[in-house]
$ cat run.cif   # mmCIF, C-alpha atoms and all ligand atoms
data_protein
loop_
_atom_site.group_PDB
_atom_site.id
_atom_site.type_symbol
_atom_site.label_atom_id
_atom_site.label_comp_id
_atom_site.auth_asym_id
_atom_site.auth_seq_id
_atom_site.Cartn_x
_atom_site.Cartn_y
_atom_site.Cartn_z
ATOM 1 C CA MET A 1467 -78.061 5.335 -24.979
ATOM 2 C CA VAL A 1468 -78.063 3.079 -21.943
ATOM 3 C CA GLN A 1469 -81.219 2.983 -19.893
ATOM 4 C CA HIS A 1470 -79.982 2.263 -16.385
ATOM 5 C CA SER A 1471 -82.437 0.605 -14.102
ATOM 6 C CA LEU A 1472 -83.008 2.396 -10.822
ATOM 7 C CA ASP A 1473 -82.329 0.956 -7.398
ATOM 8 C CA PRO A 1474 -85.760 0.912 -5.699
ATOM 9 C CA ARG A 1475 -84.071 0.786 -2.278
ATOM 10 C CA SER A 1476 -82.271 4.078 -2.863
ATOM 11 C CA PRO A 1477 -83.875 6.876 -0.810
ATOM 12 C CA TRP A 1478 -83.260 9.144 -3.833
ATOM 13 C CA VAL A 1479 -85.539 7.112 -6.096
ATOM 14 C CA VAL A 1480 -89.086 8.463 -6.144
ATOM 15 C CA GLY A 1481 -92.234 7.021 -7.708
ATOM 16 C CA ILE A 1482 -94.080 9.422 -9.997
ATOM 17 C CA HIS A 1483 -96.793 7.113 -11.331
ATOM 18 C CA GLU A 1484 -99.565 9.665 -10.720
ATOM 19 C CA LEU A 1485 -97.774 12.237 -12.919
ATOM 20 C CA MET A 1486 -97.239 9.998 -15.939
ATOM 21 C CA ARG A 1487 -98.736 11.381 -19.163
ATOM 22 C CA ARG A 1488 -100.783 13.930 -17.294
ATOM 23 C CA PRO A 1489 -99.359 17.327 -18.247
ATOM 24 C CA GLY A 1490 -100.229 19.942 -15.648
ATOM 25 C CA GLU A 1491 -100.347 17.514 -12.721
ATOM 26 C CA MET A 1492 -98.020 18.358 -9.864
ATOM 27 C CA LYS A 1493 -96.871 16.977 -6.609
ATOM 28 C CA SER A 1494 -94.587 18.357 -3.978
ATOM 29 C CA LEU A 1495 -91.878 16.351 -2.349
ATOM 30 C CA SER A 1496 -90.136 17.187 0.909
ATOM 31 C CA ARG A 1497 -87.797 14.769 2.600
ATOM 32 C CA GLU A 1498 -84.623 14.509 4.554
ATOM 33 C CA ILE A 1499 -82.130 12.034 3.086
ATOM 34 C CA PRO A 1500 -78.698 11.122 4.465
ATOM 35 C CA ALA A 1501 -75.852 12.396 2.283
ATOM 36 C CA PRO A 1502 -74.141 9.769 0.141
ATOM 37 C CA ALA A 1503 -70.358 9.274 0.221
ATOM 38 C CA ALA A 1504 -67.897 11.404 -1.743
ATOM 39 C CA LEU A 1505 -70.109 14.462 -2.154
ATOM 40 C CA GLY A 1506 -67.676 17.333 -2.460
ATOM 41 C CA VAL A 1507 -64.764 18.943 -4.255
ATOM 42 C CA GLY A 1508 -61.211 19.688 -3.122
ATOM 43 C CA MET A 1509 -61.246 21.200 0.356
ATOM 44 C CA ILE A 1510 -65.013 21.208 1.008
ATOM 45 C CA ARG A 1511 -67.693 18.531 1.172
ATOM 46 C CA VAL A 1512 -71.061 17.440 2.538
ATOM 47 C CA PRO A 1513 -70.324 15.006 5.399
ATOM 48 C CA GLU A 1514 -71.475 11.491 4.578
ATOM 49 C CA GLY A 1515 -74.699 10.662 6.430
ATOM 50 C CA SER A 1516 -75.527 14.281 7.308
ATOM 51 C CA PRO A 1517 -79.113 15.223 6.441
ATOM 52 C CA ILE A 1518 -79.832 16.748 3.048
ATOM 53 C CA ASP A 1519 -83.209 18.457 2.913
ATOM 54 C CA ILE A 1520 -84.960 18.339 -0.401
ATOM 55 C CA ASP A 1521 -87.974 20.485 -1.137
ATOM 56 C CA LEU A 1522 -89.143 19.980 -4.711
ATOM 57 C CA ARG A 1523 -92.087 20.454 -6.971
ATOM 58 C CA LEU A 1524 -92.558 17.672 -9.504
ATOM 59 C CA GLU A 1525 -94.548 18.782 -12.500
ATOM 60 C CA SER A 1526 -95.834 16.690 -15.386
ATOM 61 C CA VAL A 1527 -94.943 18.327 -18.710
ATOM 62 C CA SER A 1528 -95.305 17.043 -22.268
ATOM 63 C CA GLU A 1529 -91.716 15.694 -22.493
ATOM 64 C CA GLY A 1530 -91.644 14.155 -19.033
ATOM 65 C CA VAL A 1531 -91.448 15.374 -15.448
ATOM 66 C CA LEU A 1532 -89.823 18.594 -14.352
ATOM 67 C CA ALA A 1533 -88.274 18.746 -10.878
ATOM 68 C CA THR A 1534 -87.796 22.230 -9.458
ATOM 69 C CA GLY A 1535 -86.766 23.323 -5.996
ATOM 70 C CA VAL A 1536 -84.062 23.511 -3.397
ATOM 71 C CA VAL A 1537 -81.714 21.091 -1.702
ATOM 72 C CA SER A 1538 -79.993 22.237 1.455
ATOM 73 C CA ALA A 1539 -76.974 20.649 3.029
ATOM 74 C CA ASP A 1540 -74.299 21.046 5.685
ATOM 75 C CA LEU A 1541 -70.811 21.797 4.404
ATOM 76 C CA VAL A 1542 -67.500 21.182 6.134
ATOM 77 C CA GLY A 1543 -64.033 21.877 4.895
ATOM 78 C CA GLU A 1544 -60.715 23.579 5.356
ATOM 79 C CA CYS A 1545 -60.051 27.263 4.832
ATOM 80 C CA ALA A 1546 -57.700 27.675 1.871
ATOM 81 C CA ARG A 1547 -55.879 30.558 3.632
ATOM 82 C CA CYS A 1548 -55.596 29.617 7.313
ATOM 83 C CA LEU A 1549 -56.409 25.857 7.172
ATOM 84 C CA GLY A 1550 -58.992 26.470 9.902
ATOM 85 C CA GLU A 1551 -62.361 24.747 9.871
ATOM 86 C CA VAL A 1552 -65.018 25.916 7.470
ATOM 87 C CA SER A 1553 -68.583 24.976 8.290
ATOM 88 C CA ASP A 1554 -71.691 26.223 6.608
ATOM 89 C CA HIS A 1555 -75.255 25.315 5.685
ATOM 90 C CA ARG A 1556 -76.408 26.255 2.212
ATOM 91 C CA ASP A 1557 -79.321 26.034 -0.169
ATOM 92 C CA PHE A 1558 -78.759 24.903 -3.745
ATOM 93 C CA ASP A 1559 -81.231 25.412 -6.585
ATOM 94 C CA LEU A 1560 -82.230 22.432 -8.642
ATOM 95 C CA GLN A 1561 -84.162 22.296 -11.884
ATOM 96 C CA ASP A 1562 -84.049 19.186 -14.031
ATOM 97 C CA LEU A 1563 -86.235 17.530 -16.606
ATOM 98 C CA TYR A 1564 -86.698 13.771 -16.622
ATOM 99 C CA TYR A 1565 -87.663 12.552 -20.074
ATOM 100 C CA TYR A 1566 -90.071 9.801 -20.933
ATOM 101 C CA PRO A 1567 -88.197 6.736 -22.160
ATOM 102 C CA GLY A 1568 -87.419 6.755 -25.844
ATOM 103 C CA ARG A 1569 -87.285 10.513 -26.175
ATOM 104 C CA PRO A 1570 -84.338 11.831 -28.168
ATOM 105 C CA ALA A 1571 -82.070 13.547 -25.697
ATOM 106 C CA GLU A 1572 -78.511 14.584 -24.871
ATOM 107 C CA GLU A 1573 -76.032 12.086 -23.524
ATOM 108 C CA ASP A 1574 -76.369 13.307 -19.941
ATOM 109 C CA SER A 1575 -80.164 13.553 -19.981
ATOM 110 C CA LEU A 1576 -82.218 12.125 -17.144
ATOM 111 C CA PHE A 1577 -84.960 9.618 -17.801
ATOM 112 C CA ILE A 1578 -88.036 8.260 -16.124
ATOM 113 C CA VAL A 1579 -87.505 4.542 -15.579
ATOM 114 C CA ASP A 1580 -90.492 2.337 -14.737
ATOM 115 C CA ASP A 1581 -92.453 5.332 -13.395
ATOM 116 C CA HIS A 1582 -89.581 6.337 -11.109
ATOM 117 C CA ILE A 1583 -86.993 9.102 -11.101
ATOM 118 C CA ASP A 1584 -83.598 9.152 -9.370
ATOM 119 C CA LEU A 1585 -82.931 12.449 -7.626
ATOM 120 C CA GLU A 1586 -79.331 11.658 -6.697
ATOM 121 C CA PRO A 1587 -77.539 12.719 -9.936
ATOM 122 C CA PRO A 1588 -79.206 16.161 -10.159
ATOM 123 C CA MET A 1589 -78.771 16.648 -6.396
ATOM 124 C CA ARG A 1590 -75.023 15.952 -6.789
ATOM 125 C CA ASP A 1591 -74.708 18.381 -9.689
ATOM 126 C CA ALA A 1592 -76.723 21.068 -7.911
ATOM 127 C CA ILE A 1593 -74.367 20.925 -4.919
ATOM 128 C CA VAL A 1594 -70.955 20.043 -6.362
ATOM 129 C CA LEU A 1595 -71.046 22.578 -9.207
ATOM 130 C CA GLU A 1596 -71.726 25.358 -6.696
ATOM 131 C CA LEU A 1597 -69.086 24.511 -4.120
ATOM 132 C CA PRO A 1598 -66.202 26.986 -3.865
ATOM 133 C CA PHE A 1599 -62.806 25.779 -5.116
ATOM 134 C CA VAL A 1600 -61.188 28.142 -2.602
ATOM 135 C CA PRO A 1601 -63.267 27.819 0.568
ATOM 136 C CA LEU A 1602 -62.658 30.490 3.210
ATOM 137 C CA CYS A 1603 -63.554 30.449 6.921
ATOM 138 C CA ARG A 1604 -64.648 34.062 6.400
ATOM 139 C CA ASP A 1605 -64.345 36.426 3.450
ATOM 140 C CA ASP A 1606 -61.653 38.541 5.097
ATOM 141 C CA CYS A 1607 -59.612 35.649 6.525
ATOM 142 C CA LEU A 1608 -56.073 36.929 7.173
ATOM 143 C CA GLY A 1609 -54.403 33.559 6.600
ATOM 144 C CA LEU A 1610 -51.095 32.486 8.136
ATOM 145 C CA CYS A 1611 -47.930 34.482 8.831
ATOM 146 C CA PRO A 1612 -45.587 33.683 5.927
ATOM 147 C CA GLN A 1613 -42.604 33.619 8.332
ATOM 148 C CA CYS A 1614 -43.822 31.485 11.234
ATOM 149 C CA GLY A 1615 -47.247 30.104 10.292
ATOM 150 C CA PHE A 1616 -49.087 31.942 13.075
ATOM 151 C CA ALA A 1617 -52.852 32.217 12.447
ATOM 152 C CA LEU A 1618 -53.223 35.944 11.848
ATOM 153 C CA ASN A 1619 -56.974 35.889 12.594
ATOM 154 C CA ASP A 1620 -56.022 35.272 16.253
ATOM 155 C CA ASP A 1621 -53.936 38.465 16.409
ATOM 156 C CA PRO A 1622 -53.968 40.740 13.360
ATOM 157 C CA SER A 1623 -51.179 42.865 14.933
ATOM 158 C CA HIS A 1624 -48.721 39.927 14.795
ATOM 159 C CA ARG A 1625 -45.343 41.203 13.426
ATOM 160 C CA HIS A 1626 -41.720 40.147 13.314
ATOM 161 C CA GLU A 1627 -38.719 42.411 13.943
ATOM 162 C CA PRO A 1628 -37.076 43.295 10.633
ATOM 163 C CA GLN A 1629 -34.683 40.451 9.893
ATOM 164 C CA VAL A 1630 -30.982 41.097 10.260
ATOM 165 C CA ASP A 1631 -28.689 39.580 7.651
ATOM 166 C CA PRO A 1632 -26.821 36.722 9.446
ATOM 167 C CA ARG A 1633 -23.410 37.833 8.046
ATOM 168 C CA TRP A 1634 -24.024 41.303 9.346
ATOM 169 C CA ALA A 1635 -24.962 39.842 12.766
ATOM 170 C CA ALA A 1636 -21.600 37.953 12.864
ATOM 171 C CA LEU A 1637 -19.692 41.143 12.141
ATOM 172 C CA GLN A 1638 -21.680 42.851 14.857
ATOM 173 C CA GLY A 1639 -20.452 40.158 17.293
ATOM 174 C CA LEU A 1640 -16.804 40.781 16.288
ATOM 175 C CA THR A 1641 -17.107 44.504 16.890
ATOM 176 C CA ASP A 1642 -18.550 43.851 20.347
ATOM 177 C CA GLN A 1643 -15.512 41.711 21.260
ATOM 178 C CA THR A 1644 -13.098 44.382 19.958
ATOM 179 C CA ASP A 1645 -14.806 46.997 22.052
ATOM 180 C CA ARG A 1646 -14.349 44.930 25.200
ATOM 181 C CA ARG A 1647 -10.545 44.860 24.916
HETATM 182 ZN ZN ZN B 1 -59.359 31.138 7.254
HETATM 183 ZN ZN ZN B 2 -45.042 35.197 12.300
#
$ encode --input "run.cif" --output "structure tokens"
Amino acid sequence: MVQHSLDPRSPWVVGIHELMRRPGEMKSLSREIPAPAALGVGMIRVPEGSPIDIDLRLESVSEGVLATGVVSADLVGECARCLGEVSDHRDFDLQDLYYYPGRPAEEDSLFIVDDHIDLEPPMRDAIVLELPFVPLCRDDCLGLCPQCGFALNDDPSHRHEPQVDPRWAALQGLTDQTDRR
């Protein structure tokens, strides 16, 4: 298990000295932090630098520190049906346990390092795992006309005349000429 050191300049790294080895102690944490790069999946993402609001309760428990709360973020993307803009603001639940160093834990466990915790990895998971793979501008988006690409949301009554077989149309032309003689 590799114990990464934390970057003290990261806005996601938070000191929790007052909670160390004091089960039952709590502190609340509310901040606005600019979104890091590459926070998204497929056709939807949190714009880099847009504010992410975190509102957490940090609680000292016997194994470490439990972070519980909500992160909220702006979302932008492309509608999978009409390719129009999708924009939204959503809350994401977060609950993660940071273990004291040396505790036996799973490979992806989070650890307290030098009395600090890094909120970025759980924030990423909380958001990315909840993002839709098929984002829609609205639930009943009508998409694009399969024949001409017209955005059907703009005019749901959009229709094409039934298509005439081109060979049939050529014959039709011949008959017209015959008639004129
Ligand atoms: Zn759409
Ligand atoms: Zn059309």
$ residues_around --input "run.cif" --residues "segment 1484-1497 of chain A" --least-positions-apart "5" --cutoff "7 Å" --atoms "only C-alpha atoms" --output "count of residues only"
10
$ resolve_selection --input "run.cif" --expression "the PyMOL selection byres (((not hetatm)) within 9 of (chain B and resi 1))" --output "ChimeraX atom specification"
/A:1544-1552,1601-1610,1617,1619
$ residues_around --input "run.cif" --residues "segment 1565-1572 of chain A" --least-positions-apart "4" --cutoff "6 Å" --atoms "all atoms listed in the file" --output "PDB file with C-alpha atoms, in the frame of the given file"
ATOM      1  CA  GLU A1529     -91.716  15.694 -22.493  1.00  0.00           C
ATOM      2  CA  GLY A1530     -91.644  14.155 -19.033  1.00  0.00           C
ATOM      3  CA  PHE A1577     -84.960   9.618 -17.801  1.00  0.00           C
ATOM      4  CA  ILE A1578     -88.036   8.260 -16.124  1.00  0.00           C
TER       5      ILE A1578
END
$ residues_around --input "run.cif" --residues "segment 1473-1479 of chain A" --least-positions-apart "4" --cutoff "6 Å" --atoms "only C-alpha atoms" --output "ChimeraX atom specification"
/A:1583-1586
$ residues_near_ligand --input "run.cif" --ligand "ligand ZN 2 (chain B)" --cutoff "12 Å" --atoms "all atoms listed in the file" --output "JSON, numbers by chain"
{"A": [1609, 1610, 1611, 1612, 1613, 1614, 1615, 1616, 1617, 1618, 1619, 1620, 1621, 1622, 1623, 1624, 1625, 1626, 1627, 1628, 1629]}
$ residues_around --input "run.cif" --residues "segment 1561-1564 of chain A" --least-positions-apart "6" --cutoff "7 Å" --atoms "all atoms listed in the file" --output "PyMOL selection string"
chain A and resi 1530-1535+1576-1578+1588
$ residues_near_point --input "run.cif" --point "(-86.3, 2.7, -13.1)" --cutoff "6 Å" --atoms "all atoms listed in the file" --output "MDAnalysis selection string"
chainID A and resid 1471:1472 1579:1580 1582
$ atom_distance --input "run.cif" --atom1 "atom CA of Val1512 of chain A" --atom2 "atom CA of Asp1574 of chain A"
23.5 Å
$ atom_distance --input "run.cif" --atom1 "atom CA of Ile1510 of chain A" --atom2 "atom CA of Met1589 of chain A"
16.3 Å
$ atom_distance --input "run.cif" --atom1 "atom CA of Gly1481 of chain A" --atom2 "atom CA of Leu1595 of chain A"
26.3 Å
$ resolve_selection --input "run.cif" --expression "the PyMOL selection byres (((chain A and resi 1598) around 10) and not hetatm)" --output "list in words"
Gly1506, Val1507, Gly1508, Met1509, Ile1510, Arg1511, Val1594, Leu1595, Glu1596, Leu1597, Phe1599, Val1600, Pro1601 and Leu1602 of chain A
$ axis_aligned_box --input "run.cif" --around "segment 1534-1547 of chain A" --padding-each-side "4 Å" --output "lines of an AutoDock Vina configuration file"
center_x = -71.8
center_y = 25.6
center_z = -1.7
size_x = 39.9
size_y = 17.9
size_z = 23.6
$ closest_residue --input "run.cif" --among "A:Leu1560, A:Ile1482, A:Gly1543, A:Ser1553" --to "Pro1587 of chain A" --atoms "only C-alpha atoms"
A:Leu1560
$ residues_around --input "run.cif" --residues "Arg1556 of chain A" --least-positions-apart "6" --cutoff "7 Å" --atoms "only C-alpha atoms" --output "list in words"
Ser1538, Ala1539 and Asp1540 of chain A
